[in-house]
$ cat coords_12.cif   # mmCIF, C-alpha atoms
data_start
#
loop_
_atom_site.label_atom_id
_atom_site.label_comp_id
_atom_site.auth_asym_id
_atom_site.auth_seq_id
_atom_site.Cartn_x
_atom_site.Cartn_y
_atom_site.Cartn_z
CA MET F 1 117.49 106.49 103.24
CA PRO F 2 116.32 109.57 105.17
CA THR F 3 118.68 111.10 107.72
CA LYS F 4 117.95 111.07 111.47
CA GLU F 5 116.84 114.70 111.19
CA GLU F 6 114.46 113.94 108.34
CA ILE F 7 112.98 111.06 110.30
CA PHE F 8 112.51 113.26 113.36
CA GLU F 9 110.82 115.92 111.23
CA GLY F 10 108.51 113.30 109.67
CA VAL F 11 107.62 111.88 113.08
CA ARG F 12 107.09 115.38 114.47
CA LYS F 13 104.79 116.34 111.60
CA THR F 14 102.78 113.14 112.09
CA LEU F 15 102.39 113.74 115.83
CA VAL F 16 101.50 117.41 115.41
CA GLU F 17 98.72 116.48 112.99
CA ALA F 18 97.45 113.39 114.81
CA LEU F 19 97.47 114.88 118.30
CA VAL F 20 96.87 118.54 117.44
CA VAL F 21 99.83 119.69 119.54
CA ASP F 22 102.36 122.49 119.01
CA GLU F 23 105.49 121.64 117.08
CA GLU F 24 107.63 122.84 120.01
CA SER F 25 106.10 120.30 122.38
CA VAL F 26 107.24 117.39 120.20
CA THR F 27 110.75 116.98 121.57
CA PRO F 28 112.75 113.72 121.52
CA GLU F 29 112.17 113.27 125.27
CA ALA F 30 108.41 113.97 125.22
CA THR F 31 106.33 110.95 126.20
CA LEU F 32 103.55 110.12 123.83
CA LEU F 33 100.79 109.16 126.22
CA GLY F 34 101.92 111.48 129.02
CA ASP F 35 103.35 114.76 127.69
CA LEU F 36 101.59 114.77 124.32
CA GLY F 37 98.26 113.51 125.63
CA ALA F 38 97.84 110.69 123.12
CA GLU F 39 95.09 108.15 123.78
CA SER F 40 95.08 104.56 122.64
CA ILE F 41 92.84 105.43 119.69
CA ASP F 42 95.47 107.90 118.47
CA LEU F 43 98.01 105.10 118.14
CA LEU F 44 96.07 103.57 115.25
CA ASP F 45 96.12 106.88 113.43
CA ILE F 46 99.79 107.54 114.23
CA VAL F 47 100.86 104.10 113.02
CA TYR F 48 98.96 104.57 109.76
CA GLN F 49 100.39 108.06 109.18
CA LEU F 50 103.94 106.85 109.90
CA GLU F 51 103.51 103.95 107.49
CA LYS F 52 102.30 106.34 104.80
CA THR F 53 105.00 108.95 105.43
CA PHE F 54 107.93 106.52 105.47
CA ASN F 55 106.51 103.73 103.30
CA ILE F 56 107.04 101.10 105.99
CA LYS F 57 104.90 98.56 107.89
CA ILE F 58 104.52 98.87 111.65
CA GLU F 59 102.51 96.64 113.94
CA GLN F 60 100.82 98.70 116.62
CA ALA F 61 102.20 96.30 119.24
CA GLU F 62 105.71 97.34 118.16
CA LEU F 63 104.94 100.88 119.24
CA ILE F 64 103.37 99.99 122.55
CA PRO F 65 102.34 96.43 123.38
CA THR F 66 98.76 97.09 124.39
CA ASP F 67 98.01 93.37 124.16
CA LEU F 68 100.40 92.82 127.09
CA LEU F 69 98.55 95.36 129.17
CA ASN F 70 95.25 93.61 128.60
CA SER F 71 96.69 90.20 129.38
CA THR F 72 95.56 88.39 132.50
CA GLN F 73 98.74 86.31 132.19
CA TYR F 74 101.03 89.28 132.75
CA VAL F 75 98.89 91.74 134.71
CA VAL F 76 97.83 91.16 138.31
CA ASP F 77 96.03 93.89 140.29
CA GLY F 78 96.83 96.43 137.61
CA LYS F 79 100.57 95.69 137.87
CA LEU F 80 102.83 94.03 135.35
CA THR F 81 104.31 90.83 136.83
CA ALA F 82 108.01 89.89 136.63
CA ASP F 83 107.22 87.74 133.58
CA GLY F 84 105.29 90.66 132.12
CA LEU F 85 108.25 92.98 132.65
CA SER F 86 110.60 90.57 131.00
CA GLU F 87 108.22 90.28 128.03
CA LEU F 88 107.94 94.07 127.89
CA ARG F 89 111.74 94.38 127.75
CA LYS F 90 111.77 92.01 124.78
CA ARG F 91 108.99 93.92 123.05
CA MET F 92 110.39 97.41 123.70
CA PRO F 93 114.14 96.79 123.54
CA ASN F 94 114.99 100.46 123.03
CA ALA F 95 112.75 101.99 125.66
CA ASN F 96 114.12 103.22 128.97
CA LEU F 97 112.11 101.15 131.45
CA GLU F 98 114.13 102.02 134.53
CA ASN F 99 111.52 104.24 136.21
CA PHE F 100 108.60 102.12 135.13
CA GLU F 101 110.15 99.00 136.65
CA LYS F 102 110.15 100.64 140.09
CA ASN F 103 106.35 100.76 140.05
CA PRO F 104 105.06 98.78 137.08
CA MET F 105 101.40 99.82 137.33
CA ILE F 106 100.13 99.59 133.77
CA GLN F 107 98.91 103.18 133.72
CA ASN F 108 102.53 104.23 134.34
CA LEU F 109 103.52 102.83 130.97
CA ALA F 110 102.38 106.21 129.71
CA THR F 111 105.72 107.51 130.93
CA VAL F 112 107.69 105.07 128.80
CA LEU F 113 107.15 105.63 125.09
CA THR F 114 108.95 108.75 123.91
CA VAL F 115 109.20 110.52 120.57
CA SER F 116 112.78 109.31 120.21
CA ASP F 117 111.58 105.68 120.66
CA ILE F 118 109.29 106.22 117.69
CA CYS F 119 112.13 107.75 115.67
CA TYR F 120 114.31 104.76 116.52
CA LEU F 121 111.61 102.33 115.42
CA VAL F 122 111.15 104.22 112.14
CA GLU F 123 114.92 104.32 111.57
CA GLU F 124 115.08 100.59 112.09
CA LYS F 125 112.18 99.97 109.71
CA VAL F 126 113.46 102.34 107.04
CA GLY F 127 116.90 100.74 107.32
CA ARG F 128 115.40 97.30 106.89
CA ALA F 129 113.29 98.44 103.98
CA GLU F 130 116.43 99.77 102.27
CA CYS F 131 118.41 96.54 102.77
CA MET E 132 63.10 107.99 116.73
CA HIS E 133 65.50 105.31 115.56
CA TRP E 134 69.23 105.94 115.28
CA TYR E 135 69.49 105.03 111.62
CA TRP E 136 71.36 107.56 109.53
CA ILE E 137 71.53 105.68 106.27
CA ASP E 138 68.60 104.24 104.34
CA ARG E 139 70.18 101.54 102.23
CA PHE E 140 73.48 100.11 101.10
CA LEU E 141 74.10 100.51 97.39
CA LEU E 142 77.34 98.54 97.45
CA PHE E 143 79.09 96.43 100.05
CA GLU E 144 82.43 94.76 99.32
CA ARG E 145 83.74 92.85 102.32
CA LYS E 146 86.87 94.39 103.92
CA LYS E 147 87.07 96.89 101.08
CA ARG E 148 84.32 99.37 100.37
CA ALA E 149 80.75 100.28 101.27
CA ARG E 150 78.46 102.85 99.73
CA ALA E 151 75.15 103.86 101.26
CA VAL E 152 72.44 106.36 100.48
CA LYS E 153 70.52 108.72 102.75
CA LEU E 154 67.44 110.48 101.41
CA ILE E 155 66.57 113.62 103.33
CA THR E 156 62.83 114.16 103.73
CA LEU E 157 60.77 116.84 105.37
CA GLY E 158 58.93 114.11 107.28
CA GLU E 159 61.90 113.75 109.65
CA ASP E 160 61.11 115.48 112.94
CA TYR E 161 64.56 116.77 113.79
CA LEU E 162 64.65 118.92 110.64
CA HIS E 163 61.83 121.04 112.04
CA GLN E 164 64.02 122.04 114.95
CA HIS E 165 67.14 122.40 112.84
CA PHE E 166 65.98 125.01 111.96
CA PRO E 167 62.34 126.16 112.16
CA TYR E 168 61.28 127.09 108.62
CA PHE E 169 64.85 126.47 107.41
CA PRO E 170 65.33 122.69 107.54
CA VAL E 171 68.99 121.67 107.13
CA MET E 172 70.52 118.23 107.73
CA PRO E 173 72.94 118.65 110.68
CA ALA E 174 76.56 118.01 109.70
CA SER E 175 77.04 115.87 112.82
CA LEU E 176 74.35 113.48 111.56
CA ILE E 177 75.99 113.35 108.14
CA ILE E 178 79.15 112.22 109.93
CA GLU E 179 77.08 109.67 111.86
CA GLY E 180 75.83 108.33 108.52
CA VAL E 181 79.41 108.01 107.31
CA ALA E 182 80.31 106.26 110.59
CA GLN E 183 77.43 103.80 110.18
CA THR E 184 78.46 103.07 106.60
CA GLY E 185 82.11 102.45 107.52
CA GLY E 186 81.42 100.98 110.94
CA LEU E 187 79.19 98.23 109.59
CA LEU E 188 81.83 97.46 106.96
CA ILE E 189 84.34 96.94 109.79
CA CYS E 190 81.86 94.97 111.95
CA GLU E 191 81.15 92.57 109.11
CA ALA E 192 84.85 92.24 108.28
CA ASN E 193 85.38 90.98 111.84
CA GLY E 194 82.44 88.58 111.70
CA TYR E 195 80.68 90.82 114.30
CA ARG E 196 83.14 89.58 116.95
CA GLU E 197 84.46 93.03 117.89
CA LYS E 198 82.66 95.95 119.47
CA VAL E 199 83.39 98.64 116.91
CA VAL E 200 83.06 102.27 117.97
CA LEU E 201 83.84 105.56 116.28
CA GLY E 202 87.20 106.67 117.68
CA LYS E 203 88.18 109.90 115.98
CA LEU E 204 88.03 111.92 112.81
CA PRO E 205 91.65 112.75 112.06
CA LYS E 206 90.57 114.63 108.96
CA PHE E 207 87.13 115.70 107.83
CA VAL E 208 86.42 118.64 105.56
CA PHE E 209 83.05 119.95 104.43
CA HIS E 210 83.27 121.68 101.06
CA GLU E 211 79.69 122.81 101.47
CA THR E 212 77.71 122.72 104.64
CA VAL E 213 74.03 122.54 103.86
CA ALA E 214 71.84 119.73 102.57
CA PHE E 215 68.10 120.20 102.36
CA PRO E 216 65.00 117.96 102.21
CA GLY E 217 64.91 116.46 98.74
CA ASP E 218 68.69 116.07 98.55
CA THR E 219 70.28 112.64 98.28
CA LEU E 220 73.43 112.01 100.26
CA THR E 221 75.74 109.20 99.20
CA TYR E 222 78.37 108.00 101.66
CA THR E 223 81.34 105.99 100.36
CA THR E 224 83.88 104.45 102.72
CA ASP E 225 87.06 102.60 101.75
CA VAL E 226 89.07 100.52 104.20
CA ILE E 227 92.64 101.79 104.35
CA SER E 228 93.76 99.96 107.47
CA LEU E 229 92.23 97.04 109.36
CA THR E 230 94.05 95.64 112.40
CA GLY E 231 93.20 93.78 115.58
CA ASN E 232 92.87 97.10 117.42
CA GLY E 233 90.64 98.90 114.98
CA ALA E 234 90.39 100.32 111.50
CA ILE E 235 90.71 103.46 109.42
CA VAL E 236 88.47 104.25 106.47
CA SER E 237 88.61 107.08 103.99
CA ALA E 238 85.21 108.60 103.30
CA THR E 239 83.42 110.84 100.85
CA VAL E 240 79.99 112.42 101.04
CA HIS E 241 78.25 113.39 97.81
CA LYS E 242 75.19 115.61 97.84
CA ASN E 243 73.32 114.56 94.73
CA GLU E 244 76.27 114.41 92.27
CA ARG E 245 78.57 116.91 93.99
CA LEU E 246 81.35 116.16 96.46
CA MET E 247 80.13 117.67 99.72
CA ALA E 248 82.67 116.39 102.28
CA GLU E 249 85.60 114.02 102.62
CA GLY E 250 87.91 112.72 105.30
CA GLU E 251 89.10 109.79 107.34
CA VAL E 252 87.42 107.96 110.19
CA VAL E 253 89.19 105.88 112.85
CA PHE E 254 87.25 103.04 114.47
CA ALA E 255 88.38 101.29 117.64
CA HIS E 256 87.71 97.75 118.79
CA LEU E 257 86.81 97.97 122.46
CA LYS E 258 89.28 96.00 124.57
CA GLY E 259 89.76 95.08 128.21
CA GLY E 260 87.07 96.27 130.62
CA PHE E 261 85.46 98.45 127.95
CA ALA E 262 84.62 95.36 125.90
CA GLN E 263 82.26 94.26 128.70
CA THR E 264 80.33 97.51 128.45
CA THR E 265 76.84 97.16 127.08
CA LEU E 266 76.70 99.84 124.42
CA PHE E 267 74.24 98.13 122.17
CA ALA E 268 72.27 94.93 122.31
CA GLU E 269 73.78 91.78 120.92
CA GLY E 270 72.99 91.43 117.25
CA ASN E 271 72.24 95.16 116.73
CA MET E 272 74.89 95.57 114.04
CA TYR E 273 73.72 92.49 112.18
CA GLU E 274 70.13 93.74 112.34
CA MET E 275 71.23 97.07 110.89
CA MET E 276 73.00 95.23 108.08
CA GLN E 277 69.75 93.39 107.35
CA LEU E 278 67.67 96.53 107.51
CA PHE E 279 70.01 98.46 105.23
CA GLY E 280 70.01 95.65 102.65
CA ALA E 281 73.72 94.83 102.92
CA TYR E 282 73.09 91.14 102.25
CA GLU E 283 71.16 92.00 99.10
CA VAL E 284 74.04 93.86 97.46
CA GLY E 285 77.08 92.60 99.38
CA VAL E 286 79.91 90.51 97.98
CA ASP E 287 82.82 88.76 99.69
CA GLU E 288 86.54 89.00 98.86
CA GLU E 289 86.08 86.81 95.76
CA GLY E 290 83.10 88.75 94.49
CA ASN E 291 80.59 86.07 95.52
CA PRO E 292 77.34 87.17 97.17
CA LEU E 293 77.66 87.59 100.93
CA VAL E 294 76.22 84.66 102.82
CA ASP E 295 73.77 85.83 105.46
CA PRO E 296 75.04 84.30 108.72
CA LYS E 297 71.56 84.54 110.33
CA PHE E 298 70.90 86.00 113.74
CA ASP E 299 71.43 82.78 115.73
CA GLU E 300 74.96 82.35 114.44
CA ILE E 301 75.89 85.88 115.43
CA CYS E 302 74.28 85.79 118.84
CA GLY E 303 74.32 82.08 119.59
#
$ encode --input "coords_12.cif" --output "structure tokens"
Amino acid sequence: MPTKEEIFEGVRKTLVEALVVDEESVTPEATLLGDLGAESIDLLDIVYQLEKTFNIKIEQAELIPTDLLNSTQYVVDGKLTADGLSELRKRMPNANLENFEKNPMIQNLATVLTVSDICYLVEEKVGRAEC
Amino acid sequence: MHWYWIDRFLLFERKKRARAVKLITLGEDYLHQHFPYFPVMPASLIIEGVAQTGGLLICEANGYREKVVLGKLPKFVFHETVAFPGDTLTYTTDVISLTGNGAIVSATVHKNERLMAEGEVVFAHLKGGFAQTTLFAEGNMYEMMQLFGAYEVGVDEEGNPLVDPKFDEICG
């Protein structure tokens, strides 16, 4: 099983290639859609590259639940409802949602997903794959 | 001018692979501007041909239910850059990922027998408000499939000939 450092390096390499950003800008705290400028289309590419690099399977919704954001059940006037927030917490158990919860406009979700969240997800998947 | 950048499918395997051919001829107007007395097929239109080959493969895989658009080219390398009237371009696309949000295909371009370019193409399924956008008329993709002969050469997952769903089923 790769170490945390190896996973971070693999994730960094993937993000550098997929988003054409400098290596230095891919820090654990950097947000994917905010700091690194990823767009939704990039997520498909990133998921595929991560799967290939680490030999794992990732559903795109595990990275960022875009289906929630398009849901009329959980989004009213561009804002995630209380039920939507609770669903988001279930779907992104490792993400720090504190700031987002103060103003849960869906475009603010860009500030949520960080590089370290991706590393954590990969660690979890690699760990499971090894079990 | 019509926005058709392949002439015919040579092979079409549902959810797996499509191969199409583009014959470059001096009768095509754009070649006389690109460039006067030195007609060269623009690389951007070669990529469009690849996108049509792979994009229709993805459209058909989804039963034409999704609006499939070219999202990005994470990798695309031209080993040689010029193709002239009289050359035959063959585009081959293989599905490497197909999800609810979109798809990725790997692609090669052969000029006559030689590998000319290769790469990957990401397609997105338009979601949310974008899905309501009218980018192309209903049934356009199916009509292109017909025109390019996909139902003449296509097979499904079991290798059986593709069943033509007919226009009314797609647009009804």
$ resolve_selection --input "coords_12.cif" --expression "the PyMOL selection byres ((chain F) within 10 of (chain E))" --output "list in words"
Glu17, Ala18, Leu19, Val20, Ser40, Ile41, Asp42, Leu43, Leu44, Asp45, Ile46, Val47, Tyr48, Glu59, Gln60, Ala61, Thr66, Asp67, Leu69, Asn70, Ser71 and Thr72 of chain F
$ atom_distance --input "coords_12.cif" --atom1 "CA of Gly280 in chain E" --atom2 "CA of Arg145 in chain E"
14.0 Å
$ closest_residue --input "coords_12.cif" --among "E:Ala182, E:Ala248, E:Ala151, E:Val213" --to "Asp138 in chain E" --atoms "all atoms listed in the file"
E:Ala151
$ atom_distance --input "coords_12.cif" --atom1 "CA of Ile178 in chain E" --atom2 "CA of His210 in chain E"
13.6 Å
$ resolve_selection --input "coords_12.cif" --expression "the PyMOL selection byres ((chain E and resi 207) around 6)" --output "list in words"
Lys206, Val208, Glu249 and Gly250 of chain E
$ resolve_selection --input "coords_12.cif" --expression "the PyMOL selection byres ((chain F and resi 99) around 12)" --output "PyMOL selection string"
chain F and resi 95-98+100-105+108-112
$ atom_distance --input "coords_12.cif" --atom1 "CA of Lys4 in chain F" --atom2 "CA of Val126 in chain F"
10.8 Å
$ residues_near_point --input "coords_12.cif" --point "(83.9, 91.2, 112.6)" --cutoff "12 Å" --atoms "only C-alpha atoms" --output "ChimeraX atom specification"
/E:145-146,186-199,229-234,256,270,272-273,296,301
$ residues_around --input "coords_12.cif" --residues "Thr3 in chain F" --least-positions-apart "6" --cutoff "12 Å" --atoms "only C-alpha atoms" --output "PyMOL selection string"
chain F and resi 9-10+54+119-120+122-124+126-127
$ residues_around --input "coords_12.cif" --residues "Leu32 in chain F" --least-positions-apart "2" --cutoff "9 Å" --atoms "all atoms listed in the file" --output "list in words"
Leu15, Val26, Ala30, Gly34, Asp35, Leu36, Gly37, Ala38, Glu39, Ala110, Thr111, Val112, Leu113, Thr114 and Val115 of chain F
$ residues_around --input "coords_12.cif" --residues "range 159-165 of chain E" --least-positions-apart "2" --cutoff "12 Å" --atoms "all atoms listed in the file" --output "NGL selection string"
:E and (132-136 or 154-157 or 167-176 or 213-217)
$ residues_near_point --input "coords_12.cif" --point "(77.0, 98.7, 103.6)" --cutoff "7 Å" --atoms "all atoms listed in the file" --output "number ranges by chain"
E: 140, 142-143, 149-151, 184, 187-188, 276, 281
